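S.K.: My questions all concern the structure below.
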Amino acid sequence: MGSTMKSKIHIIEVENNEIQSMEKIIQKIRENKIIYIKNKFHKNEEVLDSIHKNGPAIILNSSGSSGKPRKCIHNLNNLKLSAATSGQWLKDQGFELHNCIIFNTLPLNHISGLMPIFRSQTWGCDCINIAPNLIKKTRELLLFTIKSKKNKKHLITSLVPTQLIRLLAEKEGINWLKIFDLIWVGGASITRETAEKCIQEQIKLAPCYGSTETAAMVTSLKPKEFLMGYENVGEILPDTKIRINERGLIEIKSARIGIEIIDSSKTEDFKNKNGWLQTGDLGEINQINNSLYLKFIGRIDNAFNSGGELVFPEVIESRLNNFIMKENIPINKFNISKVPDKLWGNKIKIIIEFKKLTNHKNIENSLNLLKNFSQSWPKHEKPEKWIIKNKNTSTEEINYKFQK
């Protein structure tokens, strides 16, 4: 029922989570404006200047559970509902909301970096931003956090898996993680190895599941359940229903699902006429002690079959990324793809690009490390070939084929 008048879209360009951008966002919301928070470095996209909607509202880019980027607009009520729901979930675990401090380490143009503003306002607590360069200096980070804590009881943050892996690699990083009462992390992307390390160090992770479209998380695992070894992304939050459709895809029904902007005069619901949003993620729902928990299995668009088993490239990617960081392997980037195979249907090949000036000996050693590491993987996930892409000559490819 949008108004016939168009509202102007106010653009706020952010680099990360700098205070001045945060203040601009709060100011525009108070003025009931529609704001589009965009990454300052994404130069060449088309930006709308007005829309048939009333403010206050926020527009964000979403990587989309469809795999292609989409623009998502959220009415302020969606963000408030999301904040209230996560607050209630914390209260049920004994958190006193006004006694929390939220530390935000994520960029404001991401739903997870934006939500701390609304959570702190809804819960009536403080929110402190941590700049990207501080999170890399773990000793300073630790001192800064202890100093900021003052007499507050509960420390809360959200991290992406790469931040978590980096912090786990350093003693002071581990000490920093340990002072939090709850650390939300996108559950889909943490490996078993990372989870085990956190359990061993008693780090209170809360793996969760959600997206830009759903105004952040719709499920979350309680830290105590994580430490007990639950391998899922938690209970379905009370303002949300989740079901698995006949294709195995996760579908979500909630009052806080955003709307897709197609162009300045056209918007489209992310959800269907019955109110369900179909994601591109495969999952299953398990009942544990009278509660329903969601288990995330993988993305449908990248999955393929190998020997009757489904292979999820992301699972392998995140496992490899962890290993490359842990062992300091000089790899610039890698790409996982499938090769048709008579017996298996498909097998995996991994194309690796080493950092410039990596010598032959280092390449040889790195490949042996990777080869040994992949020996323990499930059969259907073992790479058939490792191919080296040489930057200097455009096409030279050395094919290292490891015999099983």
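The chains in the structure tokens are called A, B, ... from first to last as shown; in each chain the residues are counted from 1, and the ligands are counted from 1 in the order shown.
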If DSSP is run on the backbone, what residues of region 151-326 of chain A are strand (DSSP E)? A reply as a ChimeraX atom specification would be ideal.
M.R.: /A:154-159,182-186,205-211,216-220,235-236,240-244,249-254,259-263,266-269,277-288,291-299,304-306,309-311
S.K.: Could you name the residues that touch region 113-115 of chain A at 8 Å or less, counting only C-alpha atoms, but leaving out those on the same chain fewer than 5 positions away, as a PyMOL selection string?
M.R.: chain A and resi 17+79+83+104-108+216
S.K.: Which distance in Å separates CA of Thr212 (chain A) and CA of Lys38 (chain A), to one decimal?
M.R.: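 Straight-line distance from CA of Thr212 (chain A) to CA of Lys38 (chain A) works out to 13.5 Å.
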S.K.: Just the residues within 12 Å of region 288-290 of chain A, please, counting only C-alpha atoms, with nothing from its chain fewer than 2 positions along; format it as an mmCIF file with all heavy atoms, in the first residue's frame.
M.R.:
data_model
loop_
_atom_site.group_PDB
_atom_site.id
_atom_site.type_symbol
_atom_site.label_atom_id
_atom_site.label_comp_id
_atom_site.auth_asym_id
_atom_site.auth_seq_id
_atom_site.Cartn_x
_atom_site.Cartn_y
_atom_site.Cartn_z
ATOM 1 N N GLU A 225 24.912 -24.973 25.359
ATOM 2 C CA GLU A 225 24.639 -26.124 24.481
ATOM 3 C C GLU A 225 25.804 -26.337 23.516
ATOM 4 O O GLU A 225 26.181 -27.465 23.212
ATOM 5 C CB GLU A 225 23.344 -25.886 23.686
ATOM 6 C CG GLU A 225 22.118 -25.797 24.564
ATOM 7 C CD GLU A 225 20.869 -25.368 23.795
ATOM 8 O OE1 GLU A 225 20.975 -24.563 22.844
ATOM 9 O OE2 GLU A 225 19.780 -25.841 24.153
ATOM 10 N N TYR A 230 26.627 -29.686 21.086
ATOM 11 C CA TYR A 230 25.544 -29.685 20.081
ATOM 12 C C TYR A 230 26.119 -29.226 18.754
ATOM 13 O O TYR A 230 26.784 -28.198 18.691
ATOM 14 C CB TYR A 230 24.434 -28.701 20.479
ATOM 15 C CG TYR A 230 23.491 -29.187 21.552
ATOM 16 C CD1 TYR A 230 23.951 -29.935 22.639
ATOM 17 C CD2 TYR A 230 22.136 -28.862 21.511
ATOM 18 C CE1 TYR A 230 23.080 -30.362 23.640
ATOM 19 C CE2 TYR A 230 21.251 -29.279 22.514
ATOM 20 C CZ TYR A 230 21.732 -30.031 23.571
ATOM 21 O OH TYR A 230 20.875 -30.431 24.555
ATOM 22 N N GLU A 231 25.831 -29.958 17.677
ATOM 23 C CA GLU A 231 26.341 -29.576 16.357
ATOM 24 C C GLU A 231 25.213 -29.064 15.478
ATOM 25 O O GLU A 231 24.819 -29.704 14.517
ATOM 26 C CB GLU A 231 27.025 -30.775 15.685
ATOM 27 C CG GLU A 231 28.320 -31.168 16.353
ATOM 28 C CD GLU A 231 29.047 -32.269 15.583
ATOM 29 O OE1 GLU A 231 29.027 -32.241 14.337
ATOM 30 O OE2 GLU A 231 29.614 -33.159 16.231
ATOM 31 N N ASN A 232 24.659 -27.907 15.851
ATOM 32 C CA ASN A 232 23.630 -27.311 15.002
ATOM 33 C C ASN A 232 23.650 -25.800 15.182
ATOM 34 O O ASN A 232 24.507 -25.272 15.896
ATOM 35 C CB ASN A 232 22.247 -27.919 15.320
ATOM 36 C CG ASN A 232 21.851 -27.727 16.779
ATOM 37 O OD1 ASN A 232 21.999 -26.645 17.335
ATOM 38 N ND2 ASN A 232 21.342 -28.784 17.407
ATOM 39 N N GLY A 234 21.179 -24.060 16.424
ATOM 40 C CA GLY A 234 20.355 -23.627 17.535
ATOM 41 C C GLY A 234 18.858 -23.725 17.363
ATOM 42 O O GLY A 234 18.329 -24.188 16.352
ATOM 43 N N GLU A 235 18.195 -23.255 18.424
ATOM 44 C CA GLU A 235 16.738 -23.276 18.474
ATOM 45 C C GLU A 235 16.162 -22.203 17.567
ATOM 46 O O GLU A 235 16.762 -21.163 17.344
ATOM 47 C CB GLU A 235 16.276 -22.943 19.891
ATOM 48 C CG GLU A 235 16.407 -24.070 20.870
ATOM 49 C CD GLU A 235 16.003 -23.594 22.263
ATOM 50 O OE1 GLU A 235 16.848 -23.006 22.951
ATOM 51 O OE2 GLU A 235 14.833 -23.819 22.631
ATOM 52 N N ILE A 285 15.487 -30.258 10.561
ATOM 53 C CA ILE A 285 15.052 -29.831 11.881
ATOM 54 C C ILE A 285 15.048 -31.050 12.792
ATOM 55 O O ILE A 285 14.505 -32.097 12.442
ATOM 56 C CB ILE A 285 13.662 -29.180 11.813
ATOM 57 C CG1 ILE A 285 13.782 -27.840 11.071
ATOM 58 C CG2 ILE A 285 13.090 -28.953 13.213
ATOM 59 C CD1 ILE A 285 12.480 -27.166 10.774
ATOM 60 N N ASN A 286 15.701 -30.911 13.929
ATOM 61 C CA ASN A 286 15.776 -32.019 14.883
ATOM 62 C C ASN A 286 15.157 -31.598 16.199
ATOM 63 O O ASN A 286 15.330 -30.460 16.626
ATOM 64 C CB ASN A 286 17.237 -32.406 15.137
ATOM 65 C CG ASN A 286 17.938 -32.815 13.858
ATOM 66 O OD1 ASN A 286 17.393 -33.594 13.080
ATOM 67 N ND2 ASN A 286 19.113 -32.276 13.612
ATOM 68 N N LEU A 292 12.903 -27.430 19.100
ATOM 69 C CA LEU A 292 13.282 -27.692 17.713
ATOM 70 C C LEU A 292 14.571 -26.948 17.376
ATOM 71 O O LEU A 292 14.689 -25.751 17.623
ATOM 72 C CB LEU A 292 12.165 -27.226 16.770
ATOM 73 C CG LEU A 292 10.837 -27.975 16.922
ATOM 74 C CD1 LEU A 292 9.791 -27.409 15.974
ATOM 75 C CD2 LEU A 292 11.023 -29.477 16.665
ATOM 76 N N TYR A 293 15.520 -27.693 16.839
ATOM 77 C CA TYR A 293 16.818 -27.119 16.474
ATOM 78 C C TYR A 293 17.021 -27.254 14.984
ATOM 79 O O TYR A 293 16.618 -28.245 14.378
ATOM 80 C CB TYR A 293 17.948 -27.874 17.194
ATOM 81 C CG TYR A 293 18.002 -27.616 18.680
ATOM 82 C CD1 TYR A 293 17.122 -28.271 19.545
ATOM 83 C CD2 TYR A 293 18.929 -26.732 19.213
ATOM 84 C CE1 TYR A 293 17.169 -28.040 20.911
ATOM 85 C CE2 TYR A 293 18.983 -26.493 20.574
ATOM 86 C CZ TYR A 293 18.100 -27.142 21.421
ATOM 87 O OH TYR A 293 18.148 -26.903 22.770
ATOM 88 N N LEU A 294 17.690 -26.257 14.401
ATOM 89 C CA LEU A 294 17.974 -26.287 12.971
ATOM 90 C C LEU A 294 19.407 -26.752 12.739
ATOM 91 O O LEU A 294 20.331 -26.274 13.408
ATOM 92 C CB LEU A 294 17.793 -24.886 12.365
ATOM 93 C CG LEU A 294 18.114 -24.760 10.872
ATOM 94 C CD1 LEU A 294 17.095 -25.513 10.010
ATOM 95 C CD2 LEU A 294 18.162 -23.285 10.450
ATOM 96 N N LYS A 295 19.559 -27.672 11.823
ATOM 97 C CA LYS A 295 20.906 -28.070 11.404
ATOM 98 C C LYS A 295 21.086 -27.576 9.974
ATOM 99 O O LYS A 295 20.252 -27.839 9.117
ATOM 100 C CB LYS A 295 21.050 -29.585 11.464
ATOM 101 C CG LYS A 295 22.481 -30.064 11.228
ATOM 102 C CD LYS A 295 22.567 -31.579 11.463
ATOM 103 C CE LYS A 295 23.882 -32.152 10.997
ATOM 104 N NZ LYS A 295 25.055 -31.723 11.756
#
S.K.: Env of Glu31 (chain A): 9 Å cut, atoms = only C-alpha atoms, seq-sep filter 5 positions within chain, self excluded. Answer as an mmCIF file with C-alpha atoms, in the first residue's frame.
M.R.:
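Saved to part.cif:
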data_model
loop_
_atom_site.group_PDB
_atom_site.id
_atom_site.type_symbol
_atom_site.label_atom_id
_atom_site.label_comp_id
_atom_site.auth_asym_id
_atom_site.auth_seq_id
_atom_site.Cartn_x
_atom_site.Cartn_y
_atom_site.Cartn_z
ATOM 1 C CA ILE A 26 20.982 7.145 14.174
ATOM 2 C CA GLY A 55 10.659 5.981 6.394
ATOM 3 C CA PRO A 56 12.207 5.263 8.719
#
S.K.: Quick one: of A:Asn365, A:Gly248, A:Glu381, A:Lys271, who's nearest to Asn305 (chain A), counting only C-alpha atoms?
M.R.: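 Among the listed residues, A:Glu381 lies closest to Asn305 (chain A).
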S.K.: Interatomic distance between CA of Lys349 (chain A) and CA of Glu384 (chain A)?
M.R.: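 Pair CA of Lys349 (chain A) / CA of Glu384 (chain A) returns 5.6 Å.
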S.K.: For Leu310 (chain A), which of A:Met228, A:Ile297, A:Ile135, A:Ile250 is the closest residue, counting only C-alpha atoms?
M.R.: A:Ile297
S.K.: Residues near region 34-36 of chain A, anyone? I mean within 9 Å using only C-alpha atoms, not counting same-chain ones fewer than 4 positions away, as a list in words.
M.R.: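 Counting only C-alpha atoms, the residues come to Ser7, Lys8, Ile9, His10, Ile11, Ile12, Glu13, Ile25, Lys28, Ile29, Val47, Ser50, Ile51, Lys53, Asn54, Gly55, Pro56, Ala57, Ile58, Ile59, Leu60, Asn61, Ile73, Asn75 and Asn109 of chain A.
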S.K.: Of the candidates A:Leu357, A:Ala84, A:Leu282, A:Leu237, which one gets nearest to Ile300 (chain A) if we count only C-alpha atoms?
M.R.: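 Under the stated criterion, the closest residue is A:Leu282.
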S.K.: So how far away is CA of Gly280 (chain A) from CA of Thr85 (chain A), in Å?
M.R.: 24.1 Å
S.K.: Fewer than 5 positions away in the same chain doesn't count, so skip those; otherwise give me all residues within 9 Å of region 324-334 of chain A, counting only C-alpha atoms, as a ChimeraX atom specification.
M.R.: /A:165-166,169,317,319,350-356,358,362-363,366,369-370
S.K.: Neighbouring residues of region 41-46 of chain A were defined as those with any atom within 10 Å, considering only C-alpha atoms; residues of the same chain fewer than 2 positions away were excluded. Please report them as an MDAnalysis selection string.
M.R.: chainID A and resid 13:15 38:39 48:49 263
S.K.: Please produce a file of those selected residues containing all heavy atoms, as a PDB file, in the first residue's frame.
M.R.:
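Resulting contents of selection_3.pdb:
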ATOM      1  N   GLU A  13      27.727   6.275   3.091  1.00  0.00           N
ATOM      2  CA  GLU A  13      28.817   5.388   2.663  1.00  0.00           C
ATOM      3  C   GLU A  13      29.687   5.072   3.871  1.00  0.00           C
ATOM      4  O   GLU A  13      30.138   5.971   4.571  1.00  0.00           O
ATOM      5  CB  GLU A  13      29.667   6.080   1.592  1.00  0.00           C
ATOM      6  CG  GLU A  13      28.935   6.286   0.287  1.00  0.00           C
ATOM      7  CD  GLU A  13      29.903   6.529  -0.867  1.00  0.00           C
ATOM      8  OE1 GLU A  13      30.972   7.114  -0.616  1.00  0.00           O
ATOM      9  OE2 GLU A  13      29.593   6.124  -1.995  1.00  0.00           O
ATOM     10  N   VAL A  14      29.919   3.802   4.112  1.00  0.00           N
ATOM     11  CA  VAL A  14      30.730   3.431   5.275  1.00  0.00           C
ATOM     12  C   VAL A  14      31.968   2.667   4.837  1.00  0.00           C
ATOM     13  O   VAL A  14      31.964   1.973   3.819  1.00  0.00           O
ATOM     14  CB  VAL A  14      29.919   2.595   6.293  1.00  0.00           C
ATOM     15  CG1 VAL A  14      28.687   3.343   6.749  1.00  0.00           C
ATOM     16  CG2 VAL A  14      29.519   1.253   5.726  1.00  0.00           C
ATOM     17  N   GLU A  15      33.033   2.824   5.621  1.00  0.00           N
ATOM     18  CA  GLU A  15      34.230   2.020   5.373  1.00  0.00           C
ATOM     19  C   GLU A  15      34.149   0.766   6.215  1.00  0.00           C
ATOM     20  O   GLU A  15      34.441  -0.320   5.786  1.00  0.00           O
ATOM     21  CB  GLU A  15      35.484   2.811   5.752  1.00  0.00           C
ATOM     22  CG  GLU A  15      35.999   3.632   4.607  1.00  0.00           C
ATOM     23  CD  GLU A  15      37.302   4.344   4.955  1.00  0.00           C
ATOM     24  OE1 GLU A  15      38.248   3.677   5.420  1.00  0.00           O
ATOM     25  OE2 GLU A  15      37.338   5.566   4.761  1.00  0.00           O
ATOM     26  N   LYS A  38      25.868   1.842   2.288  1.00  0.00           N
ATOM     27  CA  LYS A  38      26.629   1.094   1.296  1.00  0.00           C
ATOM     28  C   LYS A  38      28.118   1.169   1.577  1.00  0.00           C
ATOM     29  O   LYS A  38      28.606   2.090   2.224  1.00  0.00           O
ATOM     30  CB  LYS A  38      26.312   1.597  -0.114  1.00  0.00           C
ATOM     31  CG  LYS A  38      26.972   2.920  -0.503  1.00  0.00           C
ATOM     32  CD  LYS A  38      26.607   3.340  -1.913  1.00  0.00           C
ATOM     33  CE  LYS A  38      27.413   2.665  -3.001  1.00  0.00           C
ATOM     34  NZ  LYS A  38      28.740   3.260  -3.229  1.00  0.00           N
ATOM     35  N   ASN A  39      28.810   0.171   1.091  1.00  0.00           N
ATOM     36  CA  ASN A  39      30.255   0.117   1.198  1.00  0.00           C
ATOM     37  C   ASN A  39      30.846   1.180   0.271  1.00  0.00           C
ATOM     38  O   ASN A  39      30.602   1.188  -0.927  1.00  0.00           O
ATOM     39  CB  ASN A  39      30.723  -1.276   0.766  1.00  0.00           C
ATOM     40  CG  ASN A  39      32.215  -1.441   0.857  1.00  0.00           C
ATOM     41  OD1 ASN A  39      32.974  -0.491   0.689  1.00  0.00           O
ATOM     42  ND2 ASN A  39      32.639  -2.653   1.142  1.00  0.00           N
ATOM     43  N   LEU A  48      19.695   4.054  -6.300  1.00  0.00           N
ATOM     44  CA  LEU A  48      18.396   4.706  -6.456  1.00  0.00           C
ATOM     45  C   LEU A  48      18.369   5.999  -5.665  1.00  0.00           C
ATOM     46  O   LEU A  48      19.001   6.096  -4.620  1.00  0.00           O
ATOM     47  CB  LEU A  48      17.307   3.779  -5.910  1.00  0.00           C
ATOM     48  CG  LEU A  48      17.244   2.387  -6.516  1.00  0.00           C
ATOM     49  CD1 LEU A  48      16.204   1.563  -5.798  1.00  0.00           C
ATOM     50  CD2 LEU A  48      16.900   2.488  -7.988  1.00  0.00           C
ATOM     51  N   ASP A  49      17.598   6.981  -6.154  1.00  0.00           N
ATOM     52  CA  ASP A  49      17.528   8.205  -5.365  1.00  0.00           C
ATOM     53  C   ASP A  49      16.195   8.358  -4.628  1.00  0.00           C
ATOM     54  O   ASP A  49      16.079   9.154  -3.715  1.00  0.00           O
ATOM     55  CB  ASP A  49      17.809   9.439  -6.243  1.00  0.00           C
ATOM     56  CG  ASP A  49      16.889   9.467  -7.464  1.00  0.00           C
ATOM     57  OD1 ASP A  49      16.018   8.588  -7.564  1.00  0.00           O
ATOM     58  OD2 ASP A  49      17.054  10.377  -8.297  1.00  0.00           O
ATOM     59  N   ASP A 263      13.529  -1.883  -8.681  1.00  0.00           N
ATOM     60  CA  ASP A 263      13.977  -0.554  -9.106  1.00  0.00           C
ATOM     61  C   ASP A 263      13.124   0.476  -8.367  1.00  0.00           C
ATOM     62  O   ASP A 263      12.323   0.111  -7.508  1.00  0.00           O
ATOM     63  CB  ASP A 263      13.896  -0.387 -10.635  1.00  0.00           C
ATOM     64  CG  ASP A 263      12.483  -0.610 -11.143  1.00  0.00           C
ATOM     65  OD1 ASP A 263      11.530  -0.090 -10.515  1.00  0.00           O
ATOM     66  OD2 ASP A 263      12.317  -1.307 -12.165  1.00  0.00           O
TER      67      ASP A 263
END
S.K.: Which residue gives the smallest distance to Ile128 (chain A) among A:Pro116, A:Gly275, A:Gly173, A:Gly283, with only C-alpha atoms counted?
M.R.: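 Using only C-alpha atoms, the shortest distance to Ile128 (chain A) belongs to A:Pro116.
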S.K.: Mind checking DSSP for region 95-260 of chain A and telling me the helix (DSSP H, G or I) residues as a count of residues only?
M.R.: 66
